[in-house]
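Report on the structure given below.
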Amino acid sequence: MKRILVGLVALLVLGAGGWFGFNIYVQHRATAEVEAAFEQMRSGGGKASHGKITFELASRTLTIEDINVEPGQPQLANVKIAKVTAVGVSQPDDARFSANSIEVSGVEVAFSYTEPTKLTANYKIPQISARDFSGPTRADGAPLSGSIIDMYRFMLAQYATVSASSIAVPTVTVNVDAGTGNAGSGDYVYAGLSVQNVNRGKIEAAKTDRFTYSLDLAQPGKPARMTGELSGLAAYDFDATPVRAALEQQGSSDDSFHKVYRRVTANSYVVTTAPGVRVQVDGFTFDDIAIRPSKFRPAEIIALVPAEGSTPTPAQSRDIMEKVADFFDGFQIGKAEVGKQTVETPQGTGRLNAVKYDRDKIALEGLVMPLPQGQLKMESFALKSFSAAKLMRWAASLRSPGQPPSPDQMLGLFRVLEGAEIKGVVAPYKNTRQLVTIDTLSLNWGQLVGSIPSKANLVVKMVTPTDPANPAQRPLIMAGVDKLAIDLHLGVAWTESSGAFALAPATIDLGNLARAQARFALANVPRSLFTIDPVQAMGQATQVETGAFEISLRDSGVVDLVVAQFARMQDVSRDAARSAIVEMIRAQGEKIAASNLDARTAVDALAGFVETPGQTLTIKLAPRAKVPLLQLMQLVQSDPESALAQFKIEASTGL
């Protein structure tokens, strides 16, 4: 029995010794692995140190204290970490490890840049927690230089090798110093950062409860500060693969769009600048954000930024704008909507219900803006076929050192957009208490020949007060007309295959006066006529022939207005004035009819139109043979009767 007890004690001692020996071995191996990783950091010329390393075998818990990394490149980040604790650590192979959870505390990160401008940034992160983490035992490569692009490239490369079910960061504080006299210095605070399902460069969801900042604005002799708060920021289905391709040092030939985010949203955004100036946005949503790696090249833009204290030359500015245009060519948003916006100023409060973007159309809805004369209201304003890249290229084309923009450059705006539309405007009219109302103001164009549209459509529906200060409108005011209701439709189009150019229809409706409609056609219009060169245009205009012309005028009060004005001028009754006008029309018509019998029909119709108010007068002109446009224009100036004789005339009136 005694021998058995002695044997058991010996076995326990040996087992305990073996346990502690194995634990020491594991501790040594863990320390060696950590030291190997730090040695890789040192091999780049930097410094990397750590404090105590412990490994608890039963729970497979690895703890590393007092980590300090100073890269060899001065522009890379210095990193300090008070403590890293990984629980449930395992190593499926020599290249990777995993952990049930990782807790990181006391993180400090410092960036310092001097080119192209001076900038330092210090991050403080008290706590980081990760669950179900898997990653490499050593960093895959190192940044090639001290550039910020190389740093991002390096970080994305590491990010593409890790996975975690969740990462939580309660707070992050950042202090940025942009240098004396430069805007951008200030403090940033992130609260409630959380990331769900990280998987080798992809993230299912990333959210921030609140992001606040306080910035110094560089205004000489006038210190100012901007504060802001963004709440409920969230991003869904992020994919870093296209971003990595765009940051490749040798460039990417991939000319296809790849989605980076499925959706980015925020609940609210508030900005305060000068005293009494506050901007609030009630949330925003961006869907289907994608980039084209061959065009989305942020490194090229950063390389063009002038050094601190230098001013870019016009040529450099143009190059920057061209690169920014390429950048926008490589950036795409499917849909975007910015919620209600409120701007409070000492002059009043402005509001905008929404800004919406859908592929190539951008619209502002529900604008209310204070003006010195009153308040401006607008239901909507839209730009059609809007492209930020095209806009930047057009703006860059205008920047010719020492030269004003040419007409062709100015006309380049037609390539940027395809139309604009304003609806529901109510605005004060000058310094009066009256209002101008615009139901619709729409202009569309297309079928560009060079920079010149060969097709356009204009619609104007509005009501404007008559202006006593305008001599041309005094007869209207004297007749009791205090406002004009305008309804204008104008359409022009050129057909290249037939050479026809048509104004059809052009309609203007002055609701309380008259409604006029005109149709006009030209034939044999060559493509080369669409030019800004006046010499070339005149040369090509010799081929153009005049087509049919038709005008109709519906009287809604304009005849009585003319009669009343004539009666006041002649100091006669209205009936006498009407009769006098009719006689003048007939007398003048007799002279024309002597050489053109068709003209008598038009004269009789016009006289009858004046005699009986409320009628519609219609006059049609059809060319008797080919009538060159330039020849007709010369005849109109020198011999109007001969010009009229070139046409067959039809005229009629009716109620």
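In the structure tokens, chains take the letters A, B, ... in the order shown, each chain's residues start at 1, and ligands count up from 1 in the order shown.
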If we count only C-alpha atoms and set the cut-off at 9 Å, which residues sit around Gly232 in chain A, ignoring sequence neighbours fewer than 3 positions away in its own chain? Please answer as a CSV table (one decimal) with N, CA, C and O atoms, in the first residue's frame.
```
chain,number,residue,atom,x,y,z
A,207,LYS,N,-21.5,50.8,-38.8
A,207,LYS,CA,-22.3,51.8,-38.2
A,207,LYS,C,-21.6,52.7,-37.2
A,207,LYS,O,-20.7,52.2,-36.5
A,208,THR,N,-22.0,54.0,-37.2
A,208,THR,CA,-21.5,54.9,-36.2
A,208,THR,C,-22.7,55.6,-35.5
A,208,THR,O,-23.5,56.2,-36.3
A,209,ASP,N,-22.8,55.5,-34.2
A,209,ASP,CA,-23.9,56.2,-33.6
A,209,ASP,C,-23.8,57.7,-33.8
A,209,ASP,O,-24.8,58.4,-34.0
A,210,ARG,N,-22.6,58.3,-33.6
A,210,ARG,CA,-22.5,59.7,-33.7
A,210,ARG,C,-21.0,60.1,-34.1
A,210,ARG,O,-20.1,59.5,-33.6
A,211,PHE,N,-20.9,61.1,-34.9
A,211,PHE,CA,-19.6,61.6,-35.3
A,211,PHE,C,-19.7,63.2,-35.2
A,211,PHE,O,-20.6,63.8,-35.7
A,265,THR,N,-26.2,55.5,-45.4
A,265,THR,CA,-27.3,56.3,-44.9
A,265,THR,C,-26.9,57.0,-43.7
A,265,THR,O,-25.9,56.7,-43.0
A,266,ALA,N,-27.6,58.1,-43.3
A,266,ALA,CA,-27.4,58.8,-42.1
A,266,ALA,C,-28.7,59.3,-41.6
A,266,ALA,O,-29.6,59.6,-42.4
A,267,ASN,N,-28.9,59.5,-40.3
A,267,ASN,CA,-30.2,60.0,-39.7
A,267,ASN,C,-30.3,61.5,-39.7
A,267,ASN,O,-31.3,62.1,-40.1
A,268,SER,N,-29.2,62.2,-39.4
A,268,SER,CA,-29.2,63.7,-39.4
A,268,SER,C,-27.8,64.2,-39.4
A,268,SER,O,-26.8,63.5,-39.1
A,283,GLY,N,-31.1,63.7,-42.6
A,283,GLY,CA,-30.7,62.4,-43.1
A,283,GLY,C,-30.5,62.4,-44.6
A,283,GLY,O,-30.9,63.3,-45.4
```
Close residues, Pro126 in chain A itself excluded, 10 Å, only C-alpha atoms, min 3 positions apart in chain, as an NGL selection string
:A and (81-82 or 104-108 or 123 or 169-173)
For the residues in the current selection, export N, CA, C and O atoms as an mmCIF file, in the first residue's frame.
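And here's selection.cif as it stands now:
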```
data_model
loop_
_atom_site.group_PDB
_atom_site.id
_atom_site.type_symbol
_atom_site.label_atom_id
_atom_site.label_comp_id
_atom_site.auth_asym_id
_atom_site.auth_seq_id
_atom_site.Cartn_x
_atom_site.Cartn_y
_atom_site.Cartn_z
ATOM 1 N N ILE A 81 0.096 50.717 -28.246
ATOM 2 C CA ILE A 81 -1.035 49.940 -27.729
ATOM 3 C C ILE A 81 -0.687 49.507 -26.307
ATOM 4 O O ILE A 81 0.366 48.883 -26.077
ATOM 5 N N ALA A 82 -1.560 49.820 -25.378
ATOM 6 C CA ALA A 82 -1.290 49.466 -23.977
ATOM 7 C C ALA A 82 -1.380 47.963 -23.759
ATOM 8 O O ALA A 82 -0.528 47.371 -23.084
ATOM 9 N N VAL A 104 -8.448 45.040 -27.380
ATOM 10 C CA VAL A 104 -7.293 45.932 -27.520
ATOM 11 C C VAL A 104 -7.606 47.209 -26.748
ATOM 12 O O VAL A 104 -8.682 47.796 -26.920
ATOM 13 N N SER A 105 -6.689 47.667 -25.915
ATOM 14 C CA SER A 105 -6.936 48.868 -25.119
ATOM 15 C C SER A 105 -5.767 49.833 -25.241
ATOM 16 O O SER A 105 -4.635 49.437 -25.526
ATOM 17 N N GLY A 106 -6.102 51.129 -25.042
ATOM 18 C CA GLY A 106 -5.072 52.164 -25.016
ATOM 19 C C GLY A 106 -4.338 52.339 -26.329
ATOM 20 O O GLY A 106 -3.105 52.417 -26.351
ATOM 21 N N VAL A 107 -5.085 52.452 -27.433
ATOM 22 C CA VAL A 107 -4.457 52.595 -28.748
ATOM 23 C C VAL A 107 -4.232 54.074 -29.054
ATOM 24 O O VAL A 107 -5.146 54.896 -28.909
ATOM 25 N N GLU A 108 -3.029 54.402 -29.488
ATOM 26 C CA GLU A 108 -2.702 55.754 -29.948
ATOM 27 C C GLU A 108 -1.985 55.642 -31.293
ATOM 28 O O GLU A 108 -1.026 54.883 -31.426
ATOM 29 N N TYR A 123 -4.701 59.927 -33.262
ATOM 30 C CA TYR A 123 -5.897 59.149 -32.937
ATOM 31 C C TYR A 123 -5.730 58.537 -31.552
ATOM 32 O O TYR A 123 -4.655 58.022 -31.211
ATOM 33 N N VAL A 169 -15.998 49.531 -31.444
ATOM 34 C CA VAL A 169 -15.093 50.570 -30.940
ATOM 35 C C VAL A 169 -15.968 51.641 -30.288
ATOM 36 O O VAL A 169 -16.625 52.415 -30.987
ATOM 37 N N PRO A 170 -16.020 51.713 -28.972
ATOM 38 C CA PRO A 170 -16.914 52.675 -28.317
ATOM 39 C C PRO A 170 -16.626 54.128 -28.688
ATOM 40 O O PRO A 170 -17.541 54.887 -28.975
ATOM 41 N N THR A 171 -15.345 54.528 -28.701
ATOM 42 C CA THR A 171 -15.017 55.923 -29.035
ATOM 43 C C THR A 171 -13.685 55.995 -29.771
ATOM 44 O O THR A 171 -12.774 55.184 -29.534
ATOM 45 N N VAL A 172 -13.585 56.990 -30.645
ATOM 46 C CA VAL A 172 -12.333 57.340 -31.306
ATOM 47 C C VAL A 172 -12.242 58.857 -31.292
ATOM 48 O O VAL A 172 -13.168 59.540 -31.726
ATOM 49 N N THR A 173 -11.141 59.402 -30.805
ATOM 50 C CA THR A 173 -10.937 60.850 -30.849
ATOM 51 C C THR A 173 -9.736 61.139 -31.738
ATOM 52 O O THR A 173 -8.720 60.435 -31.686
#
```
Please provide the set of residues having any atom within 12 Å of range 204-206 of chain A, restricted to only C-alpha atoms, with same-chain residues fewer than 5 positions apart removed, written as a ChimeraX atom specification.
/A:163-169,192-199,232-240,260-266
Mind writing the picked residues with C-alpha atoms as a JSON list (two decimals), in the first residue's frame?
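Generated file (out25.json):
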```json
[["chain", "number", "residue", "atom", "x", "y", "z"],
["A", 163, "SER", "CA", -12.33, 38.12, -40.94],
["A", 164, "ALA", "CA", -14.47, 38.70, -37.83],
["A", 165, "SER", "CA", -18.13, 38.32, -36.92],
["A", 166, "SER", "CA", -18.08, 41.73, -35.22],
["A", 167, "ILE", "CA", -15.80, 44.61, -34.26],
["A", 168, "ALA", "CA", -16.83, 47.28, -31.75],
["A", 169, "VAL", "CA", -15.09, 50.57, -30.94],
["A", 192, "GLY", "CA", -20.44, 53.82, -31.09],
["A", 193, "LEU", "CA", -18.52, 52.36, -34.02],
["A", 194, "SER", "CA", -19.57, 48.81, -34.89],
["A", 195, "VAL", "CA", -18.78, 46.50, -37.79],
["A", 196, "GLN", "CA", -20.62, 43.29, -38.63],
["A", 197, "ASN", "CA", -19.32, 40.29, -40.57],
["A", 198, "VAL", "CA", -15.93, 41.27, -41.88],
["A", 199, "ASN", "CA", -14.81, 38.71, -44.45],
["A", 232, "GLY", "CA", -26.75, 57.31, -37.38],
["A", 233, "LEU", "CA", -24.18, 56.88, -40.16],
["A", 234, "ALA", "CA", -24.33, 53.38, -41.66],
["A", 235, "ALA", "CA", -22.77, 51.64, -44.66],
["A", 236, "TYR", "CA", -23.88, 48.30, -46.07],
["A", 237, "ASP", "CA", -22.15, 45.65, -48.20],
["A", 238, "PHE", "CA", -18.75, 47.26, -48.60],
["A", 239, "ASP", "CA", -16.25, 45.61, -50.97],
["A", 240, "ALA", "CA", -12.64, 46.80, -50.87],
["A", 260, "VAL", "CA", -18.16, 49.45, -53.45],
["A", 261, "TYR", "CA", -21.22, 50.14, -51.26],
["A", 262, "ARG", "CA", -24.77, 48.90, -51.67],
["A", 263, "ARG", "CA", -26.09, 51.70, -49.47],
["A", 264, "VAL", "CA", -24.86, 54.51, -47.21],
["A", 265, "THR", "CA", -27.32, 56.29, -44.90],
["A", 266, "ALA", "CA", -27.41, 58.80, -42.05]]
```
Near-range 444-460 of chain A list (8 Å; only C-alpha atoms; drop same-chain fewer than 6 positions) as a PyMOL selection string:
chain A and resi 408+411-412+414-415+418-420+438+486-494+527+530-531
Excluding Leu522 in chain A and any residue of its chain fewer than 2 positions from it, enumerate the residues within 10 Å of it, using only C-alpha atoms, and give them as a list in words.
Trp494, Gly499, Ala500, Phe501, Ala502, Leu503, Phe520, Asn524, Val525, Val544, Glu545, Thr546, Gly547, Ala548, Phe549, Val627, Pro628 and Leu629 of chain A
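Closest approach to Phe327 in chain A from the set A:Lys390, A:Asp288, A:Tyr269, A:Val279 is made by A:Lys390, with distances taken over only C-alpha atoms.
Minimum atom-to-atom distance to Thr241 in chain A, evaluated using only C-alpha atoms, belongs to A:Arg153 out of A:Arg153, A:Arg278, A:Arg225, A:Lys361.
The space between CA of Ala395 in chain A and CA of Met321 in chain A spans 7.8 Å.
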Nearest to Gln316 in chain A, restricted to only C-alpha atoms and choosing among A:Gln570, A:Ala303, A:Ala382, A:Val610, comes out as A:Ala303
Close residues, Phe647 in chain A itself excluded, 7 Å, only C-alpha atoms, min 5 positions apart in chain, as a PDB file with all heavy atoms, in the first residue's frame:
```pdb
ATOM      1  N   LEU A 621     -48.838  81.339 -95.522  1.00  0.00           N
ATOM      2  CA  LEU A 621     -48.001  81.719 -96.658  1.00  0.00           C
ATOM      3  C   LEU A 621     -47.299  80.476 -97.182  1.00  0.00           C
ATOM      4  O   LEU A 621     -46.606  79.786 -96.424  1.00  0.00           O
ATOM      5  CB  LEU A 621     -46.963  82.760 -96.251  1.00  0.00           C
ATOM      6  CG  LEU A 621     -47.472  84.083 -95.643  1.00  0.00           C
ATOM      7  CD1 LEU A 621     -46.294  84.961 -95.253  1.00  0.00           C
ATOM      8  CD2 LEU A 621     -48.369  84.809 -96.614  1.00  0.00           C
ATOM      9  N   ALA A 622     -47.466  80.198 -98.474  1.00  0.00           N
ATOM     10  CA  ALA A 622     -46.808  79.057 -99.099  1.00  0.00           C
ATOM     11  C   ALA A 622     -45.999  79.567-100.288  1.00  0.00           C
ATOM     12  O   ALA A 622     -46.529  80.290-101.142  1.00  0.00           O
ATOM     13  CB  ALA A 622     -47.830  78.027 -99.555  1.00  0.00           C
ATOM     14  N   PRO A 623     -44.713  79.231-100.392  1.00  0.00           N
ATOM     15  CA  PRO A 623     -43.894  79.735-101.498  1.00  0.00           C
ATOM     16  C   PRO A 623     -44.402  79.236-102.859  1.00  0.00           C
ATOM     17  O   PRO A 623     -44.761  78.071-103.006  1.00  0.00           O
ATOM     18  CB  PRO A 623     -42.495  79.198-101.185  1.00  0.00           C
ATOM     19  CG  PRO A 623     -42.706  78.052-100.260  1.00  0.00           C
ATOM     20  CD  PRO A 623     -43.930  78.350 -99.478  1.00  0.00           C
ATOM     21  N   ARG A 624     -44.443  80.129-103.830  1.00  0.00           N
ATOM     22  CA  ARG A 624     -44.904  79.765-105.164  1.00  0.00           C
ATOM     23  C   ARG A 624     -43.848  78.932-105.888  1.00  0.00           C
ATOM     24  O   ARG A 624     -44.168  78.116-106.757  1.00  0.00           O
ATOM     25  CB  ARG A 624     -45.203  81.037-105.970  1.00  0.00           C
ATOM     26  CG  ARG A 624     -46.315  81.890-105.364  1.00  0.00           C
ATOM     27  CD  ARG A 624     -46.549  83.133-106.202  1.00  0.00           C
ATOM     28  NE  ARG A 624     -47.531  84.005-105.591  1.00  0.00           N
ATOM     29  CZ  ARG A 624     -48.863  83.867-105.739  1.00  0.00           C
ATOM     30  NH1 ARG A 624     -49.346  82.879-106.480  1.00  0.00           N
ATOM     31  NH2 ARG A 624     -49.686  84.708-105.157  1.00  0.00           N
TER      32      ARG A 624
END
```
Could you find all residues in range 124-256 of chain A that DSSP calls strand (DSSP E or B) from the backbone, and write them as a VMD selection string?
chain A and resid 124 to 136 163 to 177 186 to 199 202 to 217 224 to 239
Residue neighbourhood His50 in chain A, 7 Å, only C-alpha atoms, exclusion window fewer than 2 positions, as a PyMOL selection string:
chain A and resi 52+65-68
As a PyMOL selection string, please: every residue in range 219-295 of chain A that DSSP puts in helix (DSSP H, G or I).
chain A and resi 241-246
Write the residues you've just listed into a file as an mmCIF file, in the first residue's frame, and include N, CA and C atoms for each of them.
```cif
data_model
loop_
_atom_site.group_PDB
_atom_site.id
_atom_site.type_symbol
_atom_site.label_atom_id
_atom_site.label_comp_id
_atom_site.auth_asym_id
_atom_site.auth_seq_id
_atom_site.Cartn_x
_atom_site.Cartn_y
_atom_site.Cartn_z
ATOM 1 N N THR A 241 -12.306 45.334 -52.807
ATOM 2 C CA THR A 241 -11.552 44.845 -53.976
ATOM 3 C C THR A 241 -11.392 45.904 -55.069
ATOM 4 N N PRO A 242 -12.473 46.598 -55.486
ATOM 5 C CA PRO A 242 -12.295 47.636 -56.516
ATOM 6 C C PRO A 242 -11.391 48.782 -56.051
ATOM 7 N N VAL A 243 -11.455 49.117 -54.767
ATOM 8 C CA VAL A 243 -10.618 50.203 -54.244
ATOM 9 C C VAL A 243 -9.145 49.808 -54.314
ATOM 10 N N ARG A 244 -8.849 48.570 -53.973
ATOM 11 C CA ARG A 244 -7.466 48.094 -54.066
ATOM 12 C C ARG A 244 -6.968 48.177 -55.504
ATOM 13 N N ALA A 245 -7.831 47.800 -56.437
ATOM 14 C CA ALA A 245 -7.437 47.863 -57.854
ATOM 15 C C ALA A 245 -7.158 49.302 -58.281
ATOM 16 N N ALA A 246 -7.989 50.243 -57.787
ATOM 17 C CA ALA A 246 -7.818 51.649 -58.155
ATOM 18 C C ALA A 246 -6.537 52.235 -57.571
#
```
